[in-house]
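Enquirer: Just passing along the structure, written as structure tokens.
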Amino acid sequence: MSQLKLKGIITPLVTPLQENGEHDEEGSVKLVNHLLKGGVHGLFLLGTTGEGPSLSPVVQREFIKTVTAQVNGKVPVLVAISNPCYSQSLSLAKYCSDQGVSGVVSTAPYYFPLNSSEVKNYFLKLANDLCLPLLMYNMPGMTKIHYDVETIVSLAKHDNIIGLKDSSGDMGYFHQLLNAFQGKDFMLAEGPEELLAETVMFGGDGSVCGGANVMPELYVKLFNASQAGDVTKIRQLHRKVLELGDAIFSSGGYGSSVIRGLKCALSIMGICEEHVAPPFQKLDKREKQQIHGFLQNNGVLNS
């Protein structure tokens with residue numbers, strides 16, 4: 001089915017919200033324009049950074065519709081359809097297809113523990129039932145389900161399963177995947193942006209970088225330098241990625257810190273408000289000042 005080719009920096013968008021929890025269409029349009037101007041290679045909606053599991057079906061669909069209309073085919077748009085309820089995943093996938101989404105992304109259903117056989121059977125059924133290309137999503141920190149390499153290799157034989165987004169943060173595991181798929185047409189991207197350079201230099205296809213919501217050009221430059229093997233430039237840009245993480249992702253637990261920090265930064269930049277879905281809360285004054293200082297010192301507020 002699939003002719004979709006993915007490579008480069010795929011930004012996992014935050015989902016702009018109004019204070020009442022409804023979708024912020026104006027903020028979403030500004031965010032998409034900011035990312036396209038920054039040169040990213042694809043957009044990923046409703047994942048962890050996008051607070052997908054915390055949003056109502058109405059908000060999810062409004063966000064998808066706004067983004068796809070604004071992108072208008074300029075870059076691929078991916079949407080997470082992960083849900084413990086299989087029919088809900090299919091329903092969202094059908095809506096994605098109707099809106100011109102390029103492909104969908106899914107974890108195995110979370111809540112109930114699954115063995116490798118159950119993971120394999122789930123993805124095979126999903127791939128057979130979908131009308132869009134499928135990218136598997138390995139997020140054991142959130143789902144408590146980990147995909148072994150043998151299962152992924154087996155699933156990759158299905159024509160509609162085009163790749164894997166690995167957010168395990170386990171680079172040893174990712175290297176096993178790189179070795180298993182060397183020379184094969186199967187997209188491998190990692191989630192922790194601190195691993196971007198290593199991923200690309202060892203043959204990975206790209207990275208899903210939350211920080212690219214704020215400074216997309218930085219991550220595109222690091223991807224390009226990594227492809228070129230420019231070690232001097234890689235070190236310089238990688239150091240800036242680490243500084244961004246320290247400044248913006250340092251408050252609260254994993255997931256919460258990334259989402260709250262990114263939305264705070266984007267609000268300072270005038271792109272969207274910092275409202276987050278329950279149970280998360282906005283950052284305090286000290287935390288906001290830290291982020292403002294980073295943005296000011298790096299010329300983000302002057303661009």
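Here's how to read the names in the structure tokens: chain A, B, ... by the order shown, residue numbers from 1 in each chain, ligand numbers from 1 in the order shown.
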Find the spatial neighbours of Asp170 (chain A), counting only C-alpha atoms, within a cut-off of 12 Å - ignore same-chain residues fewer than 5 positions away - and output them as a list in words.

Expert: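 In the requested form, the answer reads Asn138, Met139, Pro140, Gly141, His146, His175, Gln176, Leu177, Glu190, Gly191, Pro192, Glu194, Leu195 and Thr199 of chain A.
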
Enquirer: Keeping only N, CA and C atoms, take the residues you just selected and write them out as a short mmCIF file (atom, residue, chain, number, x, y, z; two decimals), in the first residue's frame.

Expert:
```cif
data_model
loop_
_atom_site.label_atom_id
_atom_site.label_comp_id
_atom_site.auth_asym_id
_atom_site.auth_seq_id
_atom_site.Cartn_x
_atom_site.Cartn_y
_atom_site.Cartn_z
N ASN A 138 7.30 2.52 19.82
CA ASN A 138 7.80 1.82 21.00
C ASN A 138 8.03 2.84 22.12
N MET A 139 7.18 2.83 23.12
CA MET A 139 7.22 3.81 24.21
C MET A 139 7.04 3.08 25.53
N PRO A 140 7.99 2.21 25.91
CA PRO A 140 7.80 1.38 27.11
C PRO A 140 7.68 2.18 28.40
N GLY A 141 8.26 3.39 28.44
CA GLY A 141 8.16 4.21 29.64
C GLY A 141 6.74 4.60 29.97
N HIS A 146 7.27 -3.51 25.80
CA HIS A 146 8.50 -3.36 25.00
C HIS A 146 8.47 -4.37 23.86
N HIS A 175 20.66 0.17 18.29
CA HIS A 175 21.72 -0.34 17.43
C HIS A 175 21.40 -1.74 16.94
N GLN A 176 20.76 -2.55 17.77
CA GLN A 176 20.33 -3.87 17.33
C GLN A 176 19.34 -3.75 16.17
N LEU A 177 18.43 -2.78 16.28
CA LEU A 177 17.48 -2.55 15.21
C LEU A 177 18.18 -2.08 13.93
N GLU A 190 14.39 7.63 16.26
CA GLU A 190 14.40 7.56 17.72
C GLU A 190 13.73 8.80 18.29
N GLY A 191 13.34 8.68 19.56
CA GLY A 191 12.61 9.76 20.20
C GLY A 191 13.47 10.71 21.00
N PRO A 192 14.30 10.24 21.93
CA PRO A 192 15.10 11.20 22.72
C PRO A 192 16.03 12.01 21.82
N GLU A 194 18.43 13.88 22.39
CA GLU A 194 19.84 13.86 22.74
C GLU A 194 20.60 12.79 21.94
N LEU A 195 19.88 11.85 21.36
CA LEU A 195 20.49 10.76 20.60
C LEU A 195 20.41 11.00 19.09
N THR A 199 22.13 8.58 16.24
CA THR A 199 21.16 7.83 15.43
C THR A 199 21.44 7.98 13.95
#
```

Enquirer: Using DSSP assignments from the backbone, pull out every residue in region 92-298 of chain A that falls under strand (DSSP E or B) and give it to me as a list in words.

Expert: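 Answer for region 92-298 of chain A, restricted to strand (DSSP E or B): Gly103, Val104, Val105, Ser106, Leu134, Leu135, Met136, Tyr137, Asn138, Ile161, Ile162, Gly163, Leu164, Lys165, Asp166, Met187, Leu188, Ala189, Glu190, Gly206, Ser207 and Val208 of chain A.
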
Enquirer: Okay, now the selection with C-alpha atoms, as a compact mmCIF listing (two decimals), in the first residue's frame?

Expert:
```txt
# COMPACT_ATOMS: atom_id res chain seq x y z
CA GLY A 103 0.31 7.90 7.86
CA VAL A 104 -0.61 6.82 11.38
CA VAL A 105 1.47 5.87 14.39
CA SER A 106 0.47 3.45 17.12
CA LEU A 134 1.48 2.36 9.86
CA LEU A 135 4.52 3.35 11.90
CA MET A 136 4.93 1.34 15.10
CA TYR A 137 5.62 3.33 18.28
CA ASN A 138 7.80 1.82 21.00
CA ILE A 161 4.10 -1.46 8.33
CA ILE A 162 6.69 1.06 7.21
CA GLY A 163 8.83 1.72 10.26
CA LEU A 164 9.33 2.20 13.98
CA LYS A 165 9.57 5.22 16.23
CA ASP A 166 11.62 4.12 19.23
CA MET A 187 12.16 3.63 8.61
CA LEU A 188 13.89 3.80 12.00
CA ALA A 189 13.61 6.98 14.07
CA GLU A 190 14.40 7.56 17.72
CA GLY A 206 15.81 10.63 11.67
CA SER A 207 14.49 11.79 14.98
CA VAL A 208 11.23 12.90 16.58
```

Enquirer: Pick out the closest residue to Tyr122 (chain A) from this set: A:Gly8, A:Pro109, A:Gly169, A:Gly50. Count only C-alpha atoms.

Expert: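 Ranking A:Gly8, A:Pro109, A:Gly169, A:Gly50 by distance to Tyr122 (chain A), first place goes to A:Pro109.
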
Enquirer: Write out as an MDAnalysis selection string the residues lying within 10 Å of Ser89 (chain A), counting only C-alpha atoms and excluding same-chain residues fewer than 2 positions away.

Expert: chainID A and resid 80:87 91:94 104 106 109 126 130

Enquirer: Applying 7 Å and only C-alpha atoms, which residues near region 217-220 of chain A remain after dropping the ones on its own chain fewer than 4 positions away? List them as a VMD selection string.

Expert: chain A and resid 9 38 to 40 212 224 237

Enquirer: Taking only C-alpha atoms into account, name the residue in A:Gly100, A:Gly270, A:Gly42, A:Gly293 that is nearest to Ile64 (chain A).

Expert: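 The answer is A:Gly100, which sits nearest to Ile64 (chain A).
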
Enquirer: Looking only at helix (DSSP H, G or I) from DSSP on the backbone, list the matching residues of region 32-274 of chain A as a PyMOL selection string.

Expert: chain A and resi 32-37+52-54+57-71+86-98+116-129+140-143+149-155+171-180+193-201+210-213+216-228+231-248+256-268

Enquirer: Export, as a compact mmCIF listing (two decimals), in the first residue's frame, the selected residues with C-alpha atoms.

Expert:
```
# COMPACT_ATOMS: atom_id res chain seq x y z
CA VAL A 32 2.54 24.93 11.80
CA ASN A 33 3.81 28.03 9.99
CA HIS A 34 6.70 28.32 12.46
CA LEU A 35 7.71 24.70 11.87
CA LEU A 36 7.43 24.85 8.09
CA LYS A 37 9.53 28.01 8.08
CA GLY A 52 -2.92 12.79 22.70
CA PRO A 53 -4.27 10.45 25.42
CA SER A 54 -5.52 13.44 27.45
CA PRO A 57 -12.05 13.07 20.33
CA VAL A 58 -13.44 16.47 19.34
CA VAL A 59 -10.20 18.31 20.15
CA GLN A 60 -8.13 15.60 18.46
CA ARG A 61 -10.10 15.84 15.25
CA GLU A 62 -10.17 19.64 15.18
CA PHE A 63 -6.39 19.70 15.59
CA ILE A 64 -5.88 17.16 12.79
CA LYS A 65 -8.17 19.11 10.45
CA THR A 66 -6.45 22.43 11.15
CA VAL A 67 -2.92 21.08 10.74
CA THR A 68 -3.54 19.13 7.54
CA ALA A 69 -5.28 22.11 5.96
CA GLN A 70 -2.43 24.44 6.88
CA VAL A 71 0.31 22.04 5.77
CA TYR A 86 -9.24 -1.07 19.01
CA SER A 87 -12.37 0.39 17.43
CA GLN A 88 -11.41 3.87 18.65
CA SER A 89 -8.02 3.54 16.94
CA LEU A 90 -9.69 2.54 13.69
CA SER A 91 -12.23 5.36 13.94
CA LEU A 92 -9.49 7.96 14.35
CA ALA A 93 -7.50 6.40 11.51
CA LYS A 94 -10.52 6.67 9.23
CA TYR A 95 -10.86 10.36 10.10
CA CYS A 96 -7.14 10.83 9.41
CA SER A 97 -7.54 9.28 5.99
CA ASP A 98 -10.46 11.57 5.21
CA SER A 116 5.32 -10.79 22.16
CA SER A 117 2.73 -12.95 20.44
CA GLU A 118 -0.07 -10.58 21.44
CA VAL A 119 1.94 -7.55 20.31
CA LYS A 120 2.59 -9.19 16.95
CA ASN A 121 -1.02 -10.22 16.41
CA TYR A 122 -2.28 -6.76 17.34
CA PHE A 123 -0.07 -4.94 14.85
CA LEU A 124 -0.82 -7.44 12.08
CA LYS A 125 -4.56 -6.96 12.59
CA LEU A 126 -4.17 -3.19 12.71
CA ALA A 127 -2.02 -3.11 9.57
CA ASN A 128 -4.57 -5.24 7.72
CA ASP A 129 -7.51 -3.06 8.76
CA PRO A 140 7.80 1.38 27.11
CA GLY A 141 8.16 4.21 29.64
CA MET A 142 4.48 5.04 29.16
CA THR A 143 2.89 1.81 27.91
CA VAL A 149 13.80 -7.05 17.90
CA GLU A 150 12.61 -10.40 16.53
CA THR A 151 8.98 -9.28 16.71
CA ILE A 152 9.73 -6.04 14.85
CA VAL A 153 11.68 -7.87 12.14
CA SER A 154 8.74 -10.22 11.63
CA LEU A 155 6.18 -7.38 11.53
CA MET A 171 20.67 3.09 22.31
CA GLY A 172 21.97 -0.46 22.59
CA TYR A 173 18.53 -1.70 21.58
CA PHE A 174 18.36 0.84 18.76
CA HIS A 175 21.72 -0.34 17.43
CA GLN A 176 20.33 -3.87 17.33
CA LEU A 177 17.48 -2.55 15.21
CA LEU A 178 19.88 -0.68 12.93
CA ASN A 179 21.86 -3.88 12.38
CA ALA A 180 18.71 -5.93 11.76
CA GLU A 193 16.58 14.12 20.83
CA GLU A 194 19.84 13.86 22.74
CA LEU A 195 20.49 10.76 20.60
CA LEU A 196 19.80 12.46 17.26
CA ALA A 197 23.39 12.74 16.05
CA GLU A 198 24.33 9.19 17.01
CA THR A 199 21.16 7.83 15.43
CA VAL A 200 21.77 9.47 12.06
CA MET A 201 25.51 8.80 11.97
CA GLY A 210 10.11 17.86 20.89
CA GLY A 211 12.52 20.77 21.10
CA ALA A 212 11.95 21.40 17.39
CA ASN A 213 8.62 22.98 18.37
CA PRO A 216 13.24 23.84 14.45
CA GLU A 217 16.25 25.18 12.57
CA LEU A 218 18.61 23.89 15.28
CA TYR A 219 17.46 20.31 14.85
CA VAL A 220 17.44 20.47 11.06
CA LYS A 221 21.01 21.76 11.12
CA LEU A 222 22.07 18.97 13.49
CA PHE A 223 20.42 16.37 11.26
CA ASN A 224 22.22 17.75 8.20
CA ALA A 225 25.57 17.90 10.02
CA SER A 226 25.10 14.33 11.22
CA GLN A 227 24.37 13.12 7.70
CA ALA A 228 27.50 14.90 6.49
CA VAL A 231 31.96 16.31 13.82
CA THR A 232 32.92 19.88 14.71
CA LYS A 233 29.50 21.21 13.76
CA ILE A 234 27.77 18.23 15.38
CA ARG A 235 29.43 18.95 18.73
CA GLN A 236 28.45 22.61 18.58
CA LEU A 237 24.82 21.92 17.68
CA HIS A 238 24.47 18.94 20.01
CA ARG A 239 25.64 21.11 22.90
CA LYS A 240 22.88 23.60 22.08
CA VAL A 241 20.29 20.78 22.04
CA LEU A 242 21.43 19.76 25.51
CA GLU A 243 21.21 23.36 26.72
CA LEU A 244 17.67 23.63 25.38
CA GLY A 245 16.69 20.49 27.24
CA ASP A 246 18.21 21.72 30.48
CA ALA A 247 16.39 25.05 30.20
CA ILE A 248 12.98 23.94 28.94
CA SER A 256 4.92 16.60 32.04
CA SER A 257 8.17 18.56 31.99
CA VAL A 258 8.50 18.41 28.21
CA ILE A 259 4.90 19.42 27.51
CA ARG A 260 4.74 22.22 30.07
CA GLY A 261 8.15 23.57 29.12
CA LEU A 262 7.44 23.61 25.40
CA LYS A 263 4.08 25.31 25.81
CA CYS A 264 5.60 27.90 28.11
CA ALA A 265 8.33 28.64 25.56
CA LEU A 266 5.82 28.89 22.71
CA SER A 267 3.66 31.26 24.74
CA ILE A 268 6.66 33.52 25.36
```

Enquirer: Would you mind telling me which residue in A:Gly204, A:Tyr110, A:Gly21, A:Leu301 lies nearest to Phe280 (chain A) when using only C-alpha atoms?

Expert: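 Looking at the shortest contact to Phe280 (chain A), the residue is A:Gly21.
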
Enquirer: Which of these residues is nearest to Gly203 (chain A), using only C-alpha atoms: A:Phe186, A:Met269, A:Met215, A:Val29?

Expert: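 The answer is A:Phe186, which sits nearest to Gly203 (chain A).
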
Enquirer: Rounded to one decimal in Å, what is the spacing between CA of Glu51 (chain A) and CA of Leu6 (chain A)?

Expert: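 Answer for the CA of Glu51 (chain A) to CA of Leu6 (chain A) separation: 22.7 Å.
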
Enquirer: When you draw a straight line from CA of Phe202 (chain A) to CA of Leu43 (chain A), how long is it in Å?

Expert: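 Going from CA of Phe202 (chain A) over to CA of Leu43 (chain A) covers 23.2 Å.
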
Enquirer: Would you compute the distance between CA of Pro12 (chain A) and CA of Ala277 (chain A)? Give it in Å to one decimal.

Expert: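 A separation of 16.4 Å between them.
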